[in-house]
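Notes for the one structure printed next.
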Amino acid sequence: AMGENPVTPSAIENRIRYQRAIQRATSGRLVAMAKPTLAVVHGPAAGAGFALALACDLGIMARPAFFLSAFSSVGLSGDFGVGWLLTRLISGARARETMFLSDRISSDRALEIGLANWVCEADDLQDQASAIARRLASAPPKALSYMKEHLNSALSTDFGTYMDYEVACHLDCSTTADHLEGVTAFAEKRTPVFSGR
């Protein structure tokens, strides 16, 4: 028909390649990153913003903030790994409810169902987020990296394989200066100071 702009198969393939690259560079990188990540949500996080917040390991939200999948309300199926992330964070039934109905999820509700770890007043968000980030930054990096790897693989690895790899990582950590520092600090009843070695 006159005025239509036909989309060629090569144009569609180019859009798919581009979107895949963007998603792997954002959600994919957050999930795969060897360090823990923290989503700090101060306002609405909808669609891809919602998925990016879920791709982080931990999340803190200000009380006026909310999540919204939004995809079904605009005729889309979801992107940036939202369904995969939701299914791992909350029950399958809650993930389906969130995707199919696109209801707004308040920060308090997000905390209640497991989509956020902490909720605070907006004026306290930056200070509380900074305190959490400092705690993560002062933790032993090798141990946290292995922990994140284990947690990411837990739902896709059989238990025996998981434990075999877990013990190898645990023993690898036991040879670090950070492990010695942690044990020494515990014995001396002081806060450990980890060096990343």
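Going by the structure tokens order, chains are called A, B, ..., each with residues numbered from 1, while ligands are numbered from 1 in the order shown.
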
Can you list, as a ChimeraX atom specification, every protein, DNA or RNA residue that comes within 12 Å of Ser174 in chain A when you count only C-alpha atoms, leaving out same-chain residues fewer than 5 positions away?
-> /A:140,142-143,167-169,179-183,197

Just to be explicit: take each residue in the selection above, keep C-alpha atoms, and write the result as a PDB file, in the first residue's frame.
ATOM      1  CA  PRO A 140      37.332  -9.352  50.250  1.00  0.00           C
ATOM      2  CA  LYS A 142      37.980 -12.659  45.541  1.00  0.00           C
ATOM      3  CA  ALA A 143      35.506 -14.169  48.002  1.00  0.00           C
ATOM      4  CA  VAL A 167      35.008 -26.383  47.400  1.00  0.00           C
ATOM      5  CA  ALA A 168      37.726 -25.490  44.868  1.00  0.00           C
ATOM      6  CA  CYS A 169      36.870 -21.797  45.201  1.00  0.00           C
ATOM      7  CA  HIS A 179      41.487 -14.895  54.567  1.00  0.00           C
ATOM      8  CA  LEU A 180      44.396 -14.629  57.002  1.00  0.00           C
ATOM      9  CA  GLU A 181      43.397 -11.038  57.777  1.00  0.00           C
ATOM     10  CA  GLY A 182      39.787 -12.076  58.390  1.00  0.00           C
ATOM     11  CA  VAL A 183      40.779 -14.871  60.766  1.00  0.00           C
ATOM     12  CA  ARG A 197      45.333 -10.139  47.984  1.00  0.00           C
TER      13      ARG A 197
END

Report as an MDAnalysis selection string: the residues of range 40-146 of chain A with a DSSP assignment of helix (DSSP H, G or I), based on the backbone of this structure.
-> chainID A and resid 48:55 72:74 82:89 92:101 107:113 122:137 141:146

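Take CA of Thr26 in chain A and CA of Ala55 in chain A: the distance between them is 8.7 Å.
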
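Take the candidates A:Gly114, A:Pro36, A:Gly81, A:Gly160 and check each one against Gln19 in chain A using only C-alpha atoms; the shortest distance goes to A:Gly81.
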
10 Å contact set for Gln126 in chain A, only C-alpha atoms, chain neighbours under 3 positions out, as a ChimeraX atom specification = /A:40,42,60,62,120-123,129-132

How would the residues just picked look written out with N, CA, C and O atoms as a tab-separated table (two decimals), in the first residue's frame?
chain	number	residue	atom	x	y	z
A	40	VAL	N	20.32	1.65	42.92
A	40	VAL	CA	19.82	2.71	43.80
A	40	VAL	C	18.67	3.37	43.04
A	40	VAL	O	18.89	4.08	42.07
A	42	HIS	N	15.60	5.82	42.90
A	42	HIS	CA	15.04	7.00	43.55
A	42	HIS	C	13.71	7.43	42.97
A	42	HIS	O	13.02	8.26	43.54
A	60	ILE	N	18.33	-0.91	46.65
A	60	ILE	CA	17.74	-0.03	47.67
A	60	ILE	C	16.85	0.96	46.94
A	60	ILE	O	17.22	1.47	45.88
A	62	ALA	N	14.03	4.35	47.32
A	62	ALA	CA	13.41	5.41	48.10
A	62	ALA	C	11.91	5.13	48.16
A	62	ALA	O	11.35	4.50	47.26
A	120	CYS	N	13.99	3.12	52.04
A	120	CYS	CA	14.20	4.21	52.99
A	120	CYS	C	13.52	5.46	52.45
A	120	CYS	O	13.02	5.48	51.33
A	121	GLU	N	13.51	6.50	53.26
A	121	GLU	CA	12.96	7.77	52.82
A	121	GLU	C	13.89	8.39	51.77
A	121	GLU	O	15.11	8.16	51.80
A	122	ALA	N	13.33	9.17	50.88
A	122	ALA	CA	14.11	9.74	49.78
A	122	ALA	C	15.32	10.54	50.27
A	122	ALA	O	16.40	10.46	49.69
A	123	ASP	N	15.15	11.28	51.35
A	123	ASP	CA	16.25	12.09	51.88
A	123	ASP	C	17.41	11.25	52.40
A	123	ASP	O	18.53	11.74	52.51
A	129	ALA	N	22.64	4.23	50.60
A	129	ALA	CA	23.26	3.55	49.47
A	129	ALA	C	24.79	3.62	49.56
A	129	ALA	O	25.48	2.64	49.29
A	130	SER	N	25.30	4.77	49.95
A	130	SER	CA	26.75	4.93	50.09
A	130	SER	C	27.30	4.02	51.18
A	130	SER	O	28.39	3.44	51.03
A	131	ALA	N	26.57	3.87	52.27
A	131	ALA	CA	27.01	2.99	53.35
A	131	ALA	C	27.07	1.53	52.88
A	131	ALA	O	28.02	0.80	53.19
A	132	ILE	N	26.07	1.11	52.12
A	132	ILE	CA	26.07	-0.26	51.58
A	132	ILE	C	27.23	-0.43	50.61
A	132	ILE	O	27.96	-1.43	50.66

Please identify which residues in range 5-96 of chain A DSSP calls strand (DSSP E) from the backbone, and express them as a PDB file with all heavy atoms, in the first residue's frame.
ATOM      1  N   LEU A  38      24.901  -2.689  42.974  1.00  0.00           N
ATOM      2  CA  LEU A  38      23.825  -2.142  43.799  1.00  0.00           C
ATOM      3  C   LEU A  38      22.968  -1.212  42.954  1.00  0.00           C
ATOM      4  O   LEU A  38      23.473  -0.232  42.405  1.00  0.00           O
ATOM      5  CB  LEU A  38      24.418  -1.370  44.985  1.00  0.00           C
ATOM      6  CG  LEU A  38      23.442  -0.625  45.892  1.00  0.00           C
ATOM      7  CD1 LEU A  38      22.515  -1.597  46.618  1.00  0.00           C
ATOM      8  CD2 LEU A  38      24.214   0.243  46.889  1.00  0.00           C
ATOM      9  N   ALA A  39      21.672  -1.510  42.848  1.00  0.00           N
ATOM     10  CA  ALA A  39      20.724  -0.608  42.194  1.00  0.00           C
ATOM     11  C   ALA A  39      20.232   0.382  43.238  1.00  0.00           C
ATOM     12  O   ALA A  39      19.789  -0.017  44.317  1.00  0.00           O
ATOM     13  CB  ALA A  39      19.549  -1.395  41.615  1.00  0.00           C
ATOM     14  N   VAL A  40      20.316   1.650  42.922  1.00  0.00           N
ATOM     15  CA  VAL A  40      19.823   2.707  43.801  1.00  0.00           C
ATOM     16  C   VAL A  40      18.669   3.371  43.043  1.00  0.00           C
ATOM     17  O   VAL A  40      18.888   4.081  42.066  1.00  0.00           O
ATOM     18  CB  VAL A  40      20.934   3.728  44.139  1.00  0.00           C
ATOM     19  CG1 VAL A  40      20.406   4.815  45.054  1.00  0.00           C
ATOM     20  CG2 VAL A  40      22.132   3.014  44.756  1.00  0.00           C
ATOM     21  N   VAL A  41      17.449   3.093  43.486  1.00  0.00           N
ATOM     22  CA  VAL A  41      16.254   3.495  42.743  1.00  0.00           C
ATOM     23  C   VAL A  41      15.569   4.635  43.490  1.00  0.00           C
ATOM     24  O   VAL A  41      15.025   4.445  44.569  1.00  0.00           O
ATOM     25  CB  VAL A  41      15.293   2.291  42.570  1.00  0.00           C
ATOM     26  CG1 VAL A  41      14.095   2.686  41.718  1.00  0.00           C
ATOM     27  CG2 VAL A  41      16.023   1.096  41.965  1.00  0.00           C
ATOM     28  N   PRO A  44      10.679   6.280  39.421  1.00  0.00           N
ATOM     29  CA  PRO A  44      10.113   5.172  38.663  1.00  0.00           C
ATOM     30  C   PRO A  44      11.192   4.397  37.910  1.00  0.00           C
ATOM     31  O   PRO A  44      12.098   4.983  37.335  1.00  0.00           O
ATOM     32  CB  PRO A  44       9.173   5.855  37.665  1.00  0.00           C
ATOM     33  CG  PRO A  44       9.005   7.255  38.137  1.00  0.00           C
ATOM     34  CD  PRO A  44      10.189   7.580  38.981  1.00  0.00           C
ATOM     35  N   ALA A  45      11.093   3.078  37.936  1.00  0.00           N
ATOM     36  CA  ALA A  45      11.958   2.206  37.125  1.00  0.00           C
ATOM     37  C   ALA A  45      11.013   1.319  36.331  1.00  0.00           C
ATOM     38  O   ALA A  45      10.424   0.382  36.871  1.00  0.00           O
ATOM     39  CB  ALA A  45      12.898   1.392  38.005  1.00  0.00           C
ATOM     40  N   ALA A  46      10.830   1.646  35.065  1.00  0.00           N
ATOM     41  CA  ALA A  46       9.862   0.949  34.227  1.00  0.00           C
ATOM     42  C   ALA A  46      10.549   0.356  33.002  1.00  0.00           C
ATOM     43  O   ALA A  46      11.578   0.862  32.548  1.00  0.00           O
ATOM     44  CB  ALA A  46       8.765   1.916  33.788  1.00  0.00           C
ATOM     45  N   LEU A  58      21.961  -6.327  44.437  1.00  0.00           N
ATOM     46  CA  LEU A  58      21.257  -5.780  45.591  1.00  0.00           C
ATOM     47  C   LEU A  58      20.534  -4.524  45.143  1.00  0.00           C
ATOM     48  O   LEU A  58      20.929  -3.887  44.160  1.00  0.00           O
ATOM     49  CB  LEU A  58      22.245  -5.438  46.710  1.00  0.00           C
ATOM     50  CG  LEU A  58      23.094  -6.582  47.259  1.00  0.00           C
ATOM     51  CD1 LEU A  58      24.205  -6.040  48.149  1.00  0.00           C
ATOM     52  CD2 LEU A  58      22.222  -7.568  48.019  1.00  0.00           C
ATOM     53  N   GLY A  59      19.482  -4.161  45.877  1.00  0.00           N
ATOM     54  CA  GLY A  59      18.749  -2.962  45.510  1.00  0.00           C
ATOM     55  C   GLY A  59      18.217  -2.220  46.714  1.00  0.00           C
ATOM     56  O   GLY A  59      17.743  -2.825  47.672  1.00  0.00           O
ATOM     57  N   ILE A  60      18.327  -0.906  46.653  1.00  0.00           N
ATOM     58  CA  ILE A  60      17.744  -0.031  47.670  1.00  0.00           C
ATOM     59  C   ILE A  60      16.852   0.961  46.937  1.00  0.00           C
ATOM     60  O   ILE A  60      17.217   1.473  45.878  1.00  0.00           O
ATOM     61  CB  ILE A  60      18.826   0.673  48.528  1.00  0.00           C
ATOM     62  CG1 ILE A  60      18.174   1.511  49.622  1.00  0.00           C
ATOM     63  CG2 ILE A  60      19.797   1.471  47.681  1.00  0.00           C
ATOM     64  CD1 ILE A  60      19.153   2.020  50.677  1.00  0.00           C
ATOM     65  N   MET A  61      15.677   1.201  47.510  1.00  0.00           N
ATOM     66  CA  MET A  61      14.704   2.083  46.874  1.00  0.00           C
ATOM     67  C   MET A  61      14.264   3.164  47.846  1.00  0.00           C
ATOM     68  O   MET A  61      14.116   2.909  49.038  1.00  0.00           O
ATOM     69  CB  MET A  61      13.464   1.287  46.443  1.00  0.00           C
ATOM     70  CG  MET A  61      13.732   0.223  45.408  1.00  0.00           C
ATOM     71  SD  MET A  61      12.230  -0.734  44.994  1.00  0.00           S
ATOM     72  CE  MET A  61      11.341   0.454  43.976  1.00  0.00           C
ATOM     73  N   ALA A  62      14.032   4.353  47.316  1.00  0.00           N
ATOM     74  CA  ALA A  62      13.409   5.413  48.095  1.00  0.00           C
ATOM     75  C   ALA A  62      11.909   5.133  48.156  1.00  0.00           C
ATOM     76  O   ALA A  62      11.349   4.501  47.261  1.00  0.00           O
ATOM     77  CB  ALA A  62      13.664   6.767  47.446  1.00  0.00           C
ATOM     78  N   PHE A  66       9.085   3.347  42.446  1.00  0.00           N
ATOM     79  CA  PHE A  66       8.288   2.162  42.149  1.00  0.00           C
ATOM     80  C   PHE A  66       8.846   1.459  40.925  1.00  0.00           C
ATOM     81  O   PHE A  66       9.590   2.036  40.138  1.00  0.00           O
ATOM     82  CB  PHE A  66       6.807   2.509  41.951  1.00  0.00           C
ATOM     83  CG  PHE A  66       6.516   3.407  40.778  1.00  0.00           C
ATOM     84  CD1 PHE A  66       6.304   2.885  39.503  1.00  0.00           C
ATOM     85  CD2 PHE A  66       6.438   4.780  40.952  1.00  0.00           C
ATOM     86  CE1 PHE A  66       6.038   3.722  38.424  1.00  0.00           C
ATOM     87  CE2 PHE A  66       6.173   5.621  39.879  1.00  0.00           C
ATOM     88  CZ  PHE A  66       5.966   5.091  38.611  1.00  0.00           C
ATOM     89  N   PHE A  67       8.493   0.183  40.801  1.00  0.00           N
ATOM     90  CA  PHE A  67       8.820  -0.626  39.639  1.00  0.00           C
ATOM     91  C   PHE A  67       7.563  -0.807  38.806  1.00  0.00           C
ATOM     92  O   PHE A  67       6.446  -0.869  39.332  1.00  0.00           O
ATOM     93  CB  PHE A  67       9.323  -2.006  40.053  1.00  0.00           C
ATOM     94  CG  PHE A  67      10.703  -2.040  40.635  1.00  0.00           C
ATOM     95  CD1 PHE A  67      10.976  -2.863  41.716  1.00  0.00           C
ATOM     96  CD2 PHE A  67      11.741  -1.292  40.108  1.00  0.00           C
ATOM     97  CE1 PHE A  67      12.249  -2.938  42.259  1.00  0.00           C
ATOM     98  CE2 PHE A  67      13.019  -1.345  40.641  1.00  0.00           C
ATOM     99  CZ  PHE A  67      13.277  -2.180  41.718  1.00  0.00           C
ATOM    100  N   LEU A  68       7.765  -0.959  37.496  1.00  0.00           N
ATOM    101  CA  LEU A  68       6.663  -1.221  36.581  1.00  0.00           C
ATOM    102  C   LEU A  68       7.231  -1.962  35.377  1.00  0.00           C
ATOM    103  O   LEU A  68       8.124  -1.447  34.712  1.00  0.00           O
ATOM    104  CB  LEU A  68       6.040   0.108  36.144  1.00  0.00           C
ATOM    105  CG  LEU A  68       4.871   0.067  35.187  1.00  0.00           C
ATOM    106  CD1 LEU A  68       3.660  -0.603  35.832  1.00  0.00           C
ATOM    107  CD2 LEU A  68       4.518   1.479  34.735  1.00  0.00           C
TER     108      LEU A  68
END

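Counting from CA of Ser73 in chain A, the distance to CA of Ala51 in chain A is 15.8 Å.
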
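Closest to Ser27 in chain A among A:Ile12, A:Cys56, A:Ala137, A:Leu155 is A:Cys56, based on only C-alpha atoms.
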
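Counting from CA of Thr176 in chain A, the distance to CA of Leu136 in chain A is 18.0 Å.
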
Would you mind telling me which residue in A:Trp118, A:Ala177, A:Lys35, A:Ala21 lies nearest to Met147 in chain A when using only C-alpha atoms?
-> A:Lys35

Distance query Glu97 in chain A at most 12 Å, only C-alpha atoms, self and fewer than 6 positions along chain excluded, as a list in words = Leu68, Ser69, Ala70, Ser72, Gly83, Leu86, Thr87, Ile90, Ser91, Asp103, Arg104 and Ile105 of chain A

Please identify all polymer residues within 12 Å of Leu76 in chain A, counting only C-alpha atoms, omitting same-chain residues fewer than 6 positions from it, and present them as a count of residues only.
-> 8
